[in-house]
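> This one is my_file-v4.tsv, TSV, C-alpha atoms.
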chain	number	residue	atom	x	y	z
A	157	MET	CA	16.87	11.07	6.33
A	158	LYS	CA	13.24	12.12	5.80
A	159	PHE	CA	10.44	10.95	8.09
A	160	HIS	CA	6.70	10.98	7.42
A	161	GLU	CA	3.67	9.76	9.33
A	162	SER	CA	-0.03	9.83	8.59
A	163	ILE	CA	-3.35	8.41	9.76
A	164	THR	CA	-6.18	7.09	7.61
A	165	VAL	CA	-9.59	5.79	8.70
A	166	PHE	CA	-11.43	3.07	6.81
A	167	LYS	CA	-15.10	2.69	7.65
A	168	PHE	CA	-14.84	-1.08	7.76
A	169	PRO	CA	-14.40	-3.30	10.85
A	170	TRP	CA	-10.91	-4.54	11.64
A	171	GLU	CA	-11.75	-8.15	10.75
A	172	GLN	CA	-12.70	-7.14	7.21
A	173	VAL	CA	-9.67	-4.88	6.80
A	174	ALA	CA	-7.36	-7.66	8.03
A	175	GLN	CA	-8.87	-10.02	5.47
A	176	GLY	CA	-8.75	-7.42	2.72
A	177	ILE	CA	-5.02	-6.75	3.15
A	178	TRP	CA	-4.23	-10.15	1.60
A	179	GLN	CA	-6.51	-9.44	-1.35
A	180	ARG	CA	-5.88	-5.77	-2.06
A	181	TYR	CA	-4.12	-6.51	-5.37
A	182	PRO	CA	-4.96	-6.03	-8.14
A	183	ASN	CA	-6.99	-2.82	-7.98
A	184	PRO	CA	-7.36	0.19	-10.30
A	185	GLU	CA	-4.65	2.11	-8.42
A	186	SER	CA	-2.06	-0.69	-8.29
A	187	THR	CA	-1.03	-1.20	-11.90
A	188	HIS	CA	2.56	-0.61	-10.73
A	189	VAL	CA	2.44	-3.86	-8.70
A	190	LEU	CA	3.57	-6.58	-11.10
A	191	SER	CA	3.58	-9.61	-8.80
A	192	GLU	CA	3.31	-10.75	-5.19
A	193	ASP	CA	4.48	-14.00	-3.68
A	194	THR	CA	4.39	-15.37	-0.13
A	195	VAL	CA	7.86	-16.53	0.90
A	196	VAL	CA	7.23	-17.47	4.55
A	197	ARG	CA	4.08	-17.91	6.62
A	198	LYS	CA	4.01	-19.37	10.12
A	199	VAL	CA	2.19	-19.10	13.44
A	200	VAL	CA	4.25	-18.01	16.45
A	201	GLY	CA	2.24	-18.13	19.67
A	202	ASN	CA	-1.12	-16.69	18.70
A	203	CYS	CA	0.28	-14.45	15.96
A	204	LEU	CA	0.56	-15.04	12.23
A	205	HIS	CA	3.95	-14.05	10.79
A	206	SER	CA	4.31	-13.63	7.04
A	207	LYS	CA	6.95	-12.49	4.58
A	208	ARG	CA	6.05	-11.57	1.02
A	209	LEU	CA	8.01	-10.47	-2.03
A	210	LEU	CA	6.45	-7.82	-4.25
A	211	THR	CA	7.78	-6.64	-7.59
A	212	LYS	CA	6.85	-3.11	-8.65
A	213	THR	CA	7.60	-0.86	-11.57
A	214	ASN	CA	10.19	1.82	-10.88
A	215	ARG	CA	9.29	4.97	-12.77
A	216	MET	CA	11.93	7.65	-12.48
A	217	PRO	CA	12.12	11.26	-13.67
A	218	LYS	CA	14.71	12.09	-16.32
A	219	TRP	CA	17.23	13.37	-13.79
A	220	GLY	CA	17.00	10.10	-11.86
A	221	GLU	CA	17.95	7.97	-14.84
A	222	ARG	CA	21.62	8.86	-14.31
A	223	PHE	CA	21.49	6.92	-11.03
A	224	ILE	CA	18.92	4.22	-11.79
A	225	ASN	CA	18.25	2.36	-15.03
A	226	ALA	CA	16.32	-0.56	-13.51
A	227	ARG	CA	12.67	-0.69	-14.57
A	228	ASN	CA	11.52	-2.76	-11.59
A	229	VAL	CA	12.25	-2.85	-7.88
A	230	ASN	CA	11.71	-5.66	-5.37
A	231	VAL	CA	10.08	-4.99	-2.02
A	232	ILE	CA	9.90	-7.19	1.06
A	233	GLU	CA	6.75	-6.97	3.20
A	234	GLU	CA	6.87	-8.62	6.63
A	235	SER	CA	3.71	-8.70	8.72
A	236	ILE	CA	2.43	-9.77	12.12
A	237	VAL	CA	-1.25	-10.35	12.80
A	238	ASN	CA	-2.39	-10.48	16.44
A	239	PRO	CA	-6.09	-11.46	16.46
A	240	GLU	CA	-6.39	-11.14	20.24
A	241	LYS	CA	-5.22	-7.52	20.29
A	242	LYS	CA	-6.82	-6.89	16.88
A	243	GLU	CA	-3.59	-5.48	15.53
A	244	PHE	CA	-2.14	-6.00	12.06
A	245	SER	CA	1.35	-4.56	11.48
A	246	THR	CA	3.34	-4.56	8.25
A	247	TYR	CA	7.01	-3.67	7.79
A	248	THR	CA	8.07	-2.91	4.22
A	249	ARG	CA	11.46	-2.15	2.70
A	250	ASN	CA	13.00	-2.16	-0.75
A	251	VAL	CA	15.72	-4.77	-1.28
A	252	GLY	CA	16.87	-3.41	-4.61
A	253	LEU	CA	18.44	-0.04	-5.44
A	254	THR	CA	19.32	0.46	-1.78
A	255	LYS	CA	22.52	2.32	-2.66
A	256	VAL	CA	20.43	5.04	-4.27
A	257	MET	CA	17.43	5.24	-1.93
A	258	THR	CA	15.89	3.17	0.85
A	259	VAL	CA	12.27	3.41	1.96
A	260	VAL	CA	11.26	1.67	5.17
A	261	GLU	CA	7.60	1.75	6.12
A	262	LYS	CA	5.64	0.56	9.14
A	263	VAL	CA	1.85	0.38	8.95
A	264	THR	CA	-0.41	-0.58	11.85
A	265	TYR	CA	-4.11	-1.38	11.54
A	266	ARG	CA	-6.23	-1.14	14.71
A	267	PRO	CA	-9.94	-0.72	15.56
A	268	SER	CA	-10.90	2.92	15.92
A	269	SER	CA	-11.42	4.20	19.47
A	270	GLU	CA	-14.26	6.39	18.14
A	271	ASN	CA	-16.17	3.64	16.37
A	272	SER	CA	-15.47	-0.08	16.81
A	273	GLN	CA	-16.73	-0.72	13.26
A	274	TRP	CA	-13.99	1.47	11.78
A	275	THR	CA	-10.27	0.80	11.39
A	276	VAL	CA	-7.46	3.29	11.95
A	277	VAL	CA	-4.35	2.97	9.79
A	278	GLU	CA	-1.16	4.52	11.17
A	279	ARG	CA	1.75	4.91	8.74
A	280	GLN	CA	5.37	5.75	9.44
A	281	ALA	CA	8.07	5.96	6.79
A	282	TRP	CA	11.82	6.62	6.73
A	283	ILE	CA	13.41	7.67	3.45
A	284	ASP	CA	17.18	7.88	3.01
A	285	SER	CA	19.82	8.18	0.31
A	286	LYS	CA	23.59	7.79	0.46
A	287	ILE	CA	24.41	9.35	-2.92
A	288	PHE	CA	27.09	11.92	-2.20
A	289	GLY	CA	26.04	15.41	-3.24
A	290	PHE	CA	22.54	14.33	-4.27
A	291	GLY	CA	21.27	12.68	-1.08
A	292	TYR	CA	19.04	15.57	0.01
A	293	ALA	CA	17.43	15.97	-3.42
A	294	ILE	CA	16.77	12.23	-3.71
A	295	GLN	CA	15.30	12.10	-0.20
A	296	LYS	CA	13.01	15.02	-1.01
A	297	PHE	CA	11.89	13.37	-4.25
A	298	GLY	CA	11.30	10.08	-2.42
A	299	LEU	CA	9.21	11.77	0.25
A	300	GLU	CA	6.96	13.55	-2.25
A	301	ARG	CA	6.47	10.36	-4.27
A	302	TYR	CA	5.70	8.43	-1.08
A	303	LYS	CA	2.97	10.94	-0.13
A	304	LYS	CA	1.35	10.54	-3.53
A	305	ASN	CA	1.61	6.76	-3.28
A	306	ILE	CA	-0.21	6.82	0.08
A	307	GLN	CA	-3.22	8.43	-1.57
A	308	LYS	CA	-3.20	5.85	-4.35
A	309	ALA	CA	-2.70	2.98	-1.91
A	310	SER	CA	-5.63	4.13	0.24
A	311	ALA	CA	-7.90	4.56	-2.79
A	312	GLY	CA	-6.89	1.16	-4.13
A	313	PHE	CA	-7.42	-0.57	-0.80
A	314	LEU	CA	-10.82	1.08	-0.42
A	315	TYR	CA	-11.73	-0.22	-3.86
A	316	ALA	CA	-10.69	-3.73	-2.81
A	317	LEU	CA	-12.68	-3.54	0.43
A	318	ASN	CA	-15.81	-2.36	-1.39
A	319	ARG	CA	-15.39	-5.21	-3.86
A	320	LEU	CA	-14.95	-7.82	-1.10
A	321	PHE	CA	-17.67	-6.47	1.20
A	322	PRO	CA	-20.37	-4.83	-0.94
A	323	ALA	CA	-22.84	-4.81	1.98
A	324	SER	CA	-20.47	-2.54	3.89
A	325	GLU	CA	-20.12	-0.34	0.82
A	326	SER	CA	-23.90	0.08	0.63
A	327	ALA	CA	-24.06	1.02	4.29
A	328	VAL	CA	-21.37	3.63	3.86
A	329	ASP	CA	-22.91	5.04	0.70
A	330	PHE	CA	-26.35	5.28	2.33
A	331	SER	CA	-25.10	7.05	5.42
A	332	GLN	CA	-23.11	9.57	3.38
A	333	SER	CA	-25.36	10.02	0.37
A	334	HIS	CA	-26.79	13.31	1.58
A	335	HIS	CA	-23.39	14.71	2.48
A	336	MET	CA	-21.44	14.02	-0.68
A	337	THR	CA	-20.29	17.07	-2.59
A	338	LEU	CA	-20.51	17.37	-6.36
A	339	GLU	CA	-16.77	16.83	-6.61
A	340	GLU	CA	-17.03	13.62	-4.55
A	341	ARG	CA	-19.77	12.33	-6.82
A	342	LYS	CA	-17.66	13.15	-9.88
A	343	GLN	CA	-14.72	11.34	-8.32
A	344	ARG	CA	-16.81	8.20	-7.77
A	345	LEU	CA	-17.88	8.27	-11.41
A	346	LYS	CA	-14.29	8.82	-12.47
A	347	ASP	CA	-13.13	5.87	-10.37
A	348	ALA	CA	-15.79	3.65	-11.93
A	349	ALA	CA	-14.75	4.68	-15.44
A	350	ARG	CA	-11.08	4.08	-14.64
A	351	GLU	CA	-11.83	0.61	-13.29
A	352	THR	CA	-13.67	-0.34	-16.47
A	353	ALA	CA	-10.93	1.02	-18.73
A	354	LYS	CA	-8.20	-0.87	-16.88
A	355	ARG	CA	-10.06	-4.16	-16.42
A	356	ALA	CA	-8.30	-5.80	-19.34
A	357	LYS	CA	-4.89	-4.78	-18.06
A	358	GLU	CA	-5.66	-6.08	-14.57
A	359	LEU	CA	-6.79	-9.42	-15.94
A	360	ALA	CA	-3.56	-9.69	-17.89
A	361	GLN	CA	-1.59	-9.04	-14.71
A	362	GLU	CA	-3.54	-11.69	-12.82
A	363	LYS	CA	-2.69	-14.27	-15.46
A	364	ALA	CA	0.94	-13.29	-15.69
A	365	GLY	CA	3.37	-15.54	-13.84
A	366	PRO	CA	5.21	-14.21	-10.80
A	367	ILE	CA	8.34	-12.24	-11.59
A	368	TYR	CA	11.22	-13.27	-9.38
A	369	ALA	CA	14.53	-11.53	-8.79
A	370	ALA	CA	17.51	-12.56	-6.69
A	371	CYS	CA	17.18	-10.63	-3.44
A	372	GLU	CA	19.63	-10.90	-0.60
A	373	GLY	CA	17.93	-11.59	2.71
A	374	VAL	CA	14.58	-12.69	1.27
A	375	ARG	CA	14.67	-16.08	2.92
A	376	SER	CA	14.61	-16.20	6.71
In structure tokens, write the structure found in this file.


Amino acid sequence: MKFHESITVFKFPWEQVAQGIWQRYPNPESTHVLSEDTVVRKVVGNCLHSKRLLTKTNRMPKWGERFINARNVNVIEESIVNPEKKEFSTYTRNVGLTKVMTVVEKVTYRPSSENSQWTVVERQAWIDSKIFGFGYAIQKFGLERYKKNIQKASAGFLYALNRLFPASESAVDFSQSHHMTLEERKQRLKDAARETAKRAKELAQEKAGPIYAACEGVRS
């Protein structure tokens, strides 16, 4: 089994991040997310418990096609929001293709101890494979893909937050405008161009009906 953990800081207050989590799709970095559907949502004590089903594309390298021929994979995301503690935790796992590889992820969103207007995101992931003779290689592949997906997920979520809270975006841009490198400026322009180019595809995804698949254990 492979384990990975990382920390990301978003320069948005926790309340905005907590709101943005529900609206982070679609974004320019999430074209692999085909649909999302809330299966369960209830309040237990002072906490909001939710369970969602997400369907994502499952792109595999050529060597992986001998084990997997499915184009899509279903993922369950369970979450707990505690507004008193200002803590938002998500627990994600794939419910398809588990015989080949399982990815279990825990993400916790909390206010930063350095700046109360920032949010710290702590990620932990466990990646495993039970394929005899190929388990180590599949785990290694899964870990590297997961690391790349973290970068895309963070960029996509930041895009969503800037779209939802443009005033916060202006404040961030103003405070950092004199410290941005040329590469950072180029990246911002690149992101803007990518968003425009993919707008039509995103709109098509928004209009598409949810894609459902039979998943054991989806219903509580």

> Would you list the residues near (12.3, -4.5, -10.9) (no more than 7 Å away, in the coordinates of the file, using all atoms listed in the file) as a list in words?

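Answer for this query, in the requested form: Thr211, Lys212, Thr213, Asn214, Ala226, Arg227, Asn228, Val229 and Asn230 of chain A.
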
> Compile the contact shell of Lys158 in chain A as a short mmCIF file (atom, residue, chain, number, x, y, z; two decimals) with C-alpha atoms, in the coordinates of the input: residues with an atom at most 12 Å away, counting all atoms listed in the file, same-chain residues fewer than 3 positions apart removed.


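Output saved as selection-v1.cif:
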data_model
loop_
_atom_site.label_atom_id
_atom_site.label_comp_id
_atom_site.auth_asym_id
_atom_site.auth_seq_id
_atom_site.Cartn_x
_atom_site.Cartn_y
_atom_site.Cartn_z
CA GLU A 161 3.67 9.76 9.33
CA MET A 257 17.43 5.24 -1.93
CA THR A 258 15.89 3.17 0.85
CA VAL A 259 12.27 3.41 1.96
CA VAL A 260 11.26 1.67 5.17
CA GLU A 261 7.60 1.75 6.12
CA GLN A 280 5.37 5.75 9.44
CA ALA A 281 8.07 5.96 6.79
CA TRP A 282 11.82 6.62 6.73
CA ILE A 283 13.41 7.67 3.45
CA ASP A 284 17.18 7.88 3.01
CA SER A 285 19.82 8.18 0.31
CA GLY A 291 21.27 12.68 -1.08
CA TYR A 292 19.04 15.57 0.01
CA ALA A 293 17.43 15.97 -3.42
CA ILE A 294 16.77 12.23 -3.71
CA GLN A 295 15.30 12.10 -0.20
CA LYS A 296 13.01 15.02 -1.01
CA PHE A 297 11.89 13.37 -4.25
CA GLY A 298 11.30 10.08 -2.42
CA LEU A 299 9.21 11.77 0.25
CA GLU A 300 6.96 13.55 -2.25
CA TYR A 302 5.70 8.43 -1.08
CA LYS A 303 2.97 10.94 -0.13
#

> Can you work out which one of A:Val173, A:Ile163, A:Met157, A:Ile236 has the shortest atom-to-atom distance to Phe313 in chain A, counting only C-alpha atoms?

A:Val173

> What lies within 12 Å of Tyr181 in chain A using all atoms listed in the file, ignoring chain neighbours under 6 positions off, as a list in words?

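So the residues in contact are Thr187, His188, Val189, Leu190, Ser191, Glu192, Asp193, Leu210, Lys212, Ala309, Ala311, Gly312, Phe313, Leu314, Tyr315, Ala316, Leu317, Arg319, Leu320, Glu358, Leu359, Gln361 and Glu362 of chain A.
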
> Using all atoms listed in the file, which residues sit within 8 Å of Val165 in chain A once same-chain residues fewer than 2 positions away are excluded, as a PyMOL selection string?

chain A and resi 163+167+268+274-277

> Using only C-alpha atoms, which residues sit within 6 Å of Val231 in chain A once same-chain residues fewer than 2 positions away are excluded, as a PyMOL selection string?

chain A and resi 209-210+249-251

> Which residue is closest to Thr248 in chain A? Choose from A:Gln273, A:Ser162, A:Thr264, A:Gln179 and count all atoms listed in the file.

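Of the candidates, the smallest distance to Thr248 in chain A is held by A:Thr264.
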
> Separation of CA of Arg279 in chain A and CA of Val200 in chain A, in Å?

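Computed distance, CA of Arg279 in chain A to CA of Val200 in chain A, equals 24.3 Å.
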
> Expressed in Å to a single decimal, how great is the separation between CA of Gly220 in chain A and CA of Ser186 in chain A?

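Computing the Euclidean distance for CA of Gly220 in chain A and CA of Ser186 in chain A yields 22.2 Å.
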
> Looking at A:Glu221, A:Glu185, A:Glu240, A:Glu171, which one is nearest to Cys203 in chain A, with distances taken over only C-alpha atoms?

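Of the candidates, the smallest distance to Cys203 in chain A is held by A:Glu240.
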
> Identify the residues within 10 Å of coordinate (-4.0, -7.5, 14.3) (same frame as the file), considering all atoms listed in the file, and give the answer as a PyMOL selection string.

chain A and resi 170-171+173-174+203-204+235-246+264-267

> Between CA of Ile232 in chain A and CA of Ile306 in chain A, what distance in Å does the model show, to one decimal?

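Rounded to one decimal, the two atoms are 17.3 Å apart.
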
> Can you work out which one of A:Thr254, A:Ser206, A:Asn183, A:Gln172 has the shortest atom-to-atom distance to Lys286 in chain A, counting all atoms listed in the file?

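Smallest separation from Lys286 in chain A among the options: A:Thr254.
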
> Taking the partial coordinates given, rebuild range 300-311 of chain A to contain all heavy atoms; return it as a compact mmCIF listing (two decimals), in the coordinates of the input.


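As written to disk, rebuild00.txt reads:
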# COMPACT_ATOMS: atom_id res chain seq x y z
N GLU A 300 8.11 13.07 -1.50
CA GLU A 300 6.96 13.55 -2.25
C GLU A 300 6.27 12.42 -3.00
O GLU A 300 5.04 12.34 -3.06
CB GLU A 300 7.38 14.65 -3.23
CG GLU A 300 7.85 15.92 -2.55
CD GLU A 300 6.82 16.48 -1.58
OE1 GLU A 300 5.63 16.55 -1.95
OE2 GLU A 300 7.20 16.84 -0.45
N ARG A 301 7.07 11.50 -3.56
CA ARG A 301 6.47 10.36 -4.27
C ARG A 301 5.75 9.44 -3.28
O ARG A 301 4.69 8.91 -3.59
CB ARG A 301 7.52 9.59 -5.05
CG ARG A 301 6.90 8.48 -5.89
CD ARG A 301 7.86 7.92 -6.91
NE ARG A 301 8.90 7.12 -6.29
CZ ARG A 301 9.76 6.36 -6.99
NH1 ARG A 301 9.69 6.33 -8.31
NH2 ARG A 301 10.69 5.65 -6.37
N TYR A 302 6.33 9.28 -2.09
CA TYR A 302 5.70 8.43 -1.08
C TYR A 302 4.34 9.00 -0.69
O TYR A 302 3.37 8.25 -0.54
CB TYR A 302 6.60 8.32 0.14
CG TYR A 302 5.97 7.55 1.28
CD1 TYR A 302 5.89 6.17 1.25
CD2 TYR A 302 5.42 8.22 2.37
CE1 TYR A 302 5.29 5.46 2.28
CE2 TYR A 302 4.83 7.52 3.40
CZ TYR A 302 4.76 6.14 3.35
OH TYR A 302 4.15 5.45 4.38
N LYS A 303 4.25 10.32 -0.51
CA LYS A 303 2.97 10.94 -0.13
C LYS A 303 1.91 10.69 -1.19
O LYS A 303 0.75 10.40 -0.87
CB LYS A 303 3.17 12.44 0.08
CG LYS A 303 3.98 12.81 1.31
CD LYS A 303 4.13 14.33 1.41
CE LYS A 303 4.94 14.74 2.63
NZ LYS A 303 5.11 16.22 2.70
N LYS A 304 2.30 10.80 -2.45
CA LYS A 304 1.35 10.54 -3.53
C LYS A 304 0.94 9.07 -3.55
O LYS A 304 -0.22 8.74 -3.80
CB LYS A 304 1.96 10.94 -4.87
CG LYS A 304 2.19 12.43 -5.02
CD LYS A 304 2.82 12.76 -6.37
CE LYS A 304 3.07 14.26 -6.51
NZ LYS A 304 3.71 14.59 -7.81
N ASN A 305 1.91 8.19 -3.27
CA ASN A 305 1.61 6.76 -3.28
C ASN A 305 0.65 6.37 -2.16
O ASN A 305 -0.13 5.43 -2.29
CB ASN A 305 2.90 5.96 -3.16
CG ASN A 305 3.71 5.98 -4.45
OD1 ASN A 305 3.20 6.32 -5.51
ND2 ASN A 305 4.98 5.63 -4.35
N ILE A 306 0.72 7.09 -1.02
CA ILE A 306 -0.21 6.82 0.08
C ILE A 306 -1.64 7.04 -0.38
O ILE A 306 -2.54 6.24 -0.10
CB ILE A 306 0.10 7.72 1.29
CG1 ILE A 306 1.39 7.28 1.97
CG2 ILE A 306 -1.05 7.66 2.31
CD1 ILE A 306 1.78 8.17 3.14
N GLN A 307 -1.88 8.13 -1.09
CA GLN A 307 -3.22 8.43 -1.57
C GLN A 307 -3.71 7.35 -2.53
O GLN A 307 -4.86 6.89 -2.45
CB GLN A 307 -3.23 9.79 -2.26
CG GLN A 307 -2.88 10.96 -1.33
CD GLN A 307 -2.83 12.29 -2.06
OE1 GLN A 307 -2.98 12.35 -3.29
NE2 GLN A 307 -2.62 13.35 -1.32
N LYS A 308 -2.82 6.90 -3.42
CA LYS A 308 -3.20 5.85 -4.35
C LYS A 308 -3.44 4.52 -3.62
O LYS A 308 -4.37 3.79 -3.94
CB LYS A 308 -2.11 5.68 -5.41
CG LYS A 308 -2.01 6.83 -6.38
CD LYS A 308 -0.97 6.54 -7.45
CE LYS A 308 -0.90 7.67 -8.47
NZ LYS A 308 0.09 7.38 -9.53
N ALA A 309 -2.56 4.23 -2.65
CA ALA A 309 -2.70 2.98 -1.91
C ALA A 309 -4.01 2.94 -1.14
O ALA A 309 -4.70 1.91 -1.10
CB ALA A 309 -1.52 2.82 -0.95
N SER A 310 -4.38 4.07 -0.52
CA SER A 310 -5.63 4.13 0.24
C SER A 310 -6.82 3.98 -0.68
O SER A 310 -7.78 3.26 -0.37
CB SER A 310 -5.71 5.45 1.01
OG SER A 310 -4.67 5.54 1.98
N ALA A 311 -6.79 4.67 -1.83
CA ALA A 311 -7.90 4.56 -2.79
C ALA A 311 -8.01 3.15 -3.34
O ALA A 311 -9.11 2.60 -3.49
CB ALA A 311 -7.70 5.57 -3.92
